[in-house]
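These notes concern the structure reproduced below.
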Amino acid sequence: MAWQFTGPFVFLFSVPLLHAWHPAACGLAVPMVLFSLVFAELRPAPTDLAEPDGAGRLFRLLPVVYVPAQIAVTLWAILVASRPEVPWLHFACLGTAVGALSGVFGMLAAHELVHRPSQAEKELGVLMLSFMTYRHFRVAHIYGHHRWAATDRDPGTAGIGESFYAFFARTLGSQIVLAWQFERQRVARKRLPRTANRVLVDLFTYALLYGLVLAVFGWRGGVFLLLQSFLAILLLELFNYIAHYGLIRKRRADGRFERPTARHSWNPSNAFANRLIFNMGRHSDHHRRAPAPYQTLRPLEQAPELPAGYAGSIVLALLPPLWRRIMDPAVRRVQGEASAAQSRALPLAQDT
């Protein structure tokens, strides 16, 4: 039922409650999310969701409601942090909590919305990305990542042996370039004015948003928005890093890449943790059916599983030697299984 996906709201509203208890207690929100995801990863997988009449509307409503709630908490946090009497420790605790929630649950809600056919829901997702200072994501992700994932043409795919820090430094600029190139081609193809380039619109939106924040909340408010945006982007790119690490599609004889399969995306185990992240643990199925509503995503038999789930893998990714020691053999195992499956299929293909 839809209530199983309400966990993000609990974490979100815990921030003002923790702040009311003690301003420095906001920092507890991050370990709360981390430990909850790790614990939920240990729980047995629930049965797939049954959708009685009208349930689809409730599932659809949750990300739509979450985004305004996240933005409201962000604005409240900017108001609190902008006060001159607020110590920098409390400023940092609040910024870390809000940035983490934006980067996990806000980003997941925005991701769900930008994939939807409704233009209004897409714009709501982009509004969430605005408060993360990462609006170009909806172009780079939909028109770049979903086409080139698990290839060297995708800035959001990490190659085997690439550390997260090298990936992060590379992907930030590369995704903007990819979005800019796509927008230039789109504008030229449709003979639109240059101002229709969405990357230019993004820059104008940032100038407007930060200008308003500086005017209303002062320089501390602007610094807070920038801080929480950086943390949100960091978490988003940590997810991107672990999501396809080392799982590269091969080139065929004609120079094209092989078709993406379930083996080209890492997934956490089919556990209760998926209910806390809008079912994004079924990542392979999302790449197979990108527009599919999150509650309809299913586990795929050949999808490789992360050894430590999403939460544990994000922590491991921050420790490159340990990450490589665990993940590089896992990548080679998946590649070996894929090659073996391909070899078994060849005689059948020849017979037909």
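Residue numbering restarts at 1 for every chain of the structure tokens, chains are lettered A, B, ... in their displayed order, and ligands are numbered from 1 as they appear.
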
* Would you mind listing what lies within 12 Å of Val10 in chain A as a list in words, with only C-alpha atoms counted and same-chain residues fewer than 6 positions away left out? =>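 The contact residues come out as Trp3, Gln4, Pro16, Leu17, Leu18, Ala29, Met32, Val33, Ser36, Tyr66, Ala69, Gln70, Leu101, Phe105 and Leu276 of chain A.
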
* DSSP says helix (DSSP H, G or I) for which residues of range 81-323 of chain A? Put them as a ChimeraX atom specification? -> /A:81,88-114,119-130,137-148,164-189,194-196,198-243,262-264,272-276,283-288,294-296,309-317,320-323

Once you count only C-alpha atoms, what closest atom pair and distance in Å to one decimal does each residue of range 205-306 of chain A within 7 Å of range 81-98 of chain A have, with rows by chain and rising residue number, as CSV?
residue,atom,partner,partner_atom,distance
A:Phe217,CA,A:Ser82,CA,5.8
A:Gly218,CA,A:Ser82,CA,6.7
A:Arg220,CA,A:Ser82,CA,4.8
A:Gly221,CA,A:Ser82,CA,4.8
A:Phe224,CA,A:Gly95,CA,6.3
A:Leu227,CA,A:Gly95,CA,6.4
A:Gln228,CA,A:Gly95,CA,5.2
A:Leu231,CA,A:Thr96,CA,6.9

Same residues, N, CA and C atoms, output as an mmCIF file, in the first residue's frame:
data_model
loop_
_atom_site.group_PDB
_atom_site.id
_atom_site.type_symbol
_atom_site.label_atom_id
_atom_site.label_comp_id
_atom_site.auth_asym_id
_atom_site.auth_seq_id
_atom_site.Cartn_x
_atom_site.Cartn_y
_atom_site.Cartn_z
ATOM 1 N N PHE A 217 17.118 36.962 2.764
ATOM 2 C CA PHE A 217 17.750 36.315 3.918
ATOM 3 C C PHE A 217 19.199 36.746 4.147
ATOM 4 N N GLY A 218 19.762 37.519 3.234
ATOM 5 C CA GLY A 218 21.133 37.971 3.405
ATOM 6 C C GLY A 218 22.153 36.935 2.952
ATOM 7 N N ARG A 220 24.151 35.003 4.570
ATOM 8 C CA ARG A 220 24.136 33.704 5.259
ATOM 9 C C ARG A 220 23.117 32.766 4.616
ATOM 10 N N GLY A 221 21.984 33.329 4.205
ATOM 11 C CA GLY A 221 20.984 32.510 3.520
ATOM 12 C C GLY A 221 21.512 31.969 2.205
ATOM 13 N N PHE A 224 23.950 29.191 2.907
ATOM 14 C CA PHE A 224 23.251 27.983 3.337
ATOM 15 C C PHE A 224 22.681 27.242 2.136
ATOM 16 N N LEU A 227 25.499 25.550 0.388
ATOM 17 C CA LEU A 227 26.015 24.414 1.150
ATOM 18 C C LEU A 227 25.116 23.197 1.019
ATOM 19 N N GLN A 228 23.812 23.383 1.243
ATOM 20 C CA GLN A 228 22.928 22.225 1.179
ATOM 21 C C GLN A 228 22.827 21.698 -0.251
ATOM 22 N N LEU A 231 25.908 19.416 -0.836
ATOM 23 C CA LEU A 231 25.753 18.119 -0.187
ATOM 24 C C LEU A 231 24.739 17.252 -0.929
#

* Among listed residues A:Ala262, A:Ala311, A:Val38, A:Ala140, nearest Gly173 in chain A (using only C-alpha atoms) ->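 The answer is A:Ala140, which sits nearest to Gly173 in chain A.
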
* To do: Show which residues sit within 10 Å of range 179-181 of chain A, as a PyMOL selection string. Count only C-alpha atoms, and ignore same-chain residues fewer than 5 positions away.
  => chain A and resi 136-144+174+186+197-200

Selection above as a file: N, CA and C atoms, as a short mmCIF file (atom, residue, chain, number, x, y, z; two decimals), in the first residue's frame:
data_model
loop_
_atom_site.label_atom_id
_atom_site.label_comp_id
_atom_site.auth_asym_id
_atom_site.auth_seq_id
_atom_site.Cartn_x
_atom_site.Cartn_y
_atom_site.Cartn_z
N HIS A 136 20.10 21.15 -14.70
CA HIS A 136 20.49 20.49 -15.95
C HIS A 136 20.40 18.97 -15.86
N PHE A 137 20.24 18.44 -14.65
CA PHE A 137 20.15 16.99 -14.46
C PHE A 137 19.05 16.39 -15.32
N ARG A 138 17.89 17.09 -15.43
CA ARG A 138 16.77 16.46 -16.13
C ARG A 138 17.07 16.29 -17.61
N VAL A 139 17.96 17.11 -18.18
CA VAL A 139 18.36 16.95 -19.57
C VAL A 139 19.44 15.88 -19.69
N ALA A 140 20.51 16.01 -18.89
CA ALA A 140 21.62 15.06 -18.96
C ALA A 140 21.16 13.65 -18.60
N HIS A 141 20.25 13.52 -17.66
CA HIS A 141 19.80 12.21 -17.21
C HIS A 141 18.89 11.53 -18.24
N ILE A 142 17.88 12.24 -18.67
CA ILE A 142 16.89 11.61 -19.54
C ILE A 142 17.43 11.39 -20.95
N TYR A 143 18.13 12.40 -21.49
CA TYR A 143 18.56 12.31 -22.89
C TYR A 143 20.01 11.86 -23.05
N GLY A 144 20.75 11.78 -21.95
CA GLY A 144 22.12 11.29 -22.00
C GLY A 144 22.26 9.97 -21.28
N SER A 174 31.13 17.43 -17.07
CA SER A 174 30.76 16.66 -18.26
C SER A 174 29.25 16.60 -18.45
N ARG A 186 18.79 20.58 -30.05
CA ARG A 186 17.32 20.66 -30.00
C ARG A 186 16.83 22.01 -30.50
N ASN A 197 17.15 27.56 -25.04
CA ASN A 197 18.10 26.59 -24.51
C ASN A 197 17.89 26.47 -23.01
N ARG A 198 17.54 25.27 -22.54
CA ARG A 198 17.18 25.09 -21.13
C ARG A 198 18.36 25.29 -20.19
N VAL A 199 19.58 25.10 -20.68
CA VAL A 199 20.74 25.35 -19.82
C VAL A 199 20.87 26.85 -19.56
N LEU A 200 20.58 27.68 -20.56
CA LEU A 200 20.58 29.12 -20.35
C LEU A 200 19.46 29.52 -19.39
#

* Asked: Nearest to Val126 in chain A: which of A:Ala188, A:Val80, A:Leu75, A:Val201 is it, counting only C-alpha atoms?
  ->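 The closest residue to Val126 in chain A is A:Val201.
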
* Which residue out of A:Phe164, A:Phe59, A:Phe182, A:Phe11 has the minimum interatomic distance to Val315 in chain A when only C-alpha atoms are used? -> A:Phe164

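CA of Glu301 in chain A sits 26.9 Å away from CA of Gly7 in chain A.
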
* To do: Could you tell me, as a VMD selection string, which residues of range 82-306 of chain A DSSP assigns to strand (DSSP E or B) when given the backbone?
  => chain A and resid 251 257 267 305

Got time to write the residues from that selection, C-alpha atoms, as an mmCIF file, in the first residue's frame?
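Just written: selection31.cif:
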data_model
loop_
_atom_site.group_PDB
_atom_site.id
_atom_site.type_symbol
_atom_site.label_atom_id
_atom_site.label_comp_id
_atom_site.auth_asym_id
_atom_site.auth_seq_id
_atom_site.Cartn_x
_atom_site.Cartn_y
_atom_site.Cartn_z
ATOM 1 C CA ARG A 251 30.713 -2.626 -28.728
ATOM 2 C CA PHE A 257 26.951 -0.663 -28.215
ATOM 3 C CA ASN A 267 20.755 -2.979 -7.442
ATOM 4 C CA GLU A 305 23.233 -6.941 -6.432
#

* **Nearby residues (only C-alpha atoms) at most 12 Å from Arg256 in chain A, same-chain spacing under 4 positions excluded, as a list of chain:residue names** =>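 Once the adjacent positions are removed, what remains is A:Trp148, A:Thr151, A:Arg153, A:Arg249, A:Lys250, A:Arg251, A:Arg252, A:Pro260.
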
* **Non-local contacts of Tyr206 in chain A (12 Å; only C-alpha atoms; under 6 positions in same chain excluded) as a ChimeraX atom specification** => /A:127,129-136,199-200,212-214,222,225-226,229

* Asked: With only C-alpha atoms as the basis for distance, which of A:Met107, A:Val65, A:Ile71, A:Val15 is at the shortest distance from Ile277 in chain A?
  ->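 Between A:Met107, A:Val65, A:Ile71, A:Val15, the residue approaching Ile277 in chain A most closely is A:Met107.
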
* Calculate how many Å separate CA of Ala25 in chain A from CA of Met128 in chain A, rounding to one decimal. =>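 We find that CA of Ala25 in chain A and CA of Met128 in chain A lie 25.1 Å from each other.
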
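In this structure, CA of Phe168 in chain A sits 8.2 Å away from CA of Tyr241 in chain A.
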
* Extract, using only C-alpha atoms, all DNA, RNA and protein residues at most 9 Å from Glu237 in chain A, discarding same-chain residues fewer than 3 positions from it, and format them as a list in words. => Gly156, Phe164, Phe167, Phe168, Thr171, Leu172, Ala232, Ile233, Leu234, Asn240, Tyr241 and Ile242 of chain A

With C-alpha atoms retained, export the selected residues as a PDB file, in the first residue's frame.
ATOM      1  CA  GLY A 156      27.297   9.399 -15.127  1.00  0.00           C
ATOM      2  CA  PHE A 164      34.553   8.363  -6.570  1.00  0.00           C
ATOM      3  CA  PHE A 167      34.421  10.481 -10.965  1.00  0.00           C
ATOM      4  CA  PHE A 168      32.937  13.438  -9.083  1.00  0.00           C
ATOM      5  CA  THR A 171      31.057  14.160 -14.015  1.00  0.00           C
ATOM      6  CA  LEU A 172      30.110  17.622 -12.728  1.00  0.00           C
ATOM      7  CA  ALA A 232      22.657  17.122  -2.176  1.00  0.00           C
ATOM      8  CA  ILE A 233      24.685  16.971  -5.407  1.00  0.00           C
ATOM      9  CA  LEU A 234      27.407  14.980  -3.655  1.00  0.00           C
ATOM     10  CA  ASN A 240      25.326   7.610  -9.822  1.00  0.00           C
ATOM     11  CA  TYR A 241      28.832   6.341  -9.080  1.00  0.00           C
ATOM     12  CA  ILE A 242      27.716   3.081  -7.482  1.00  0.00           C
TER      13      ILE A 242
END
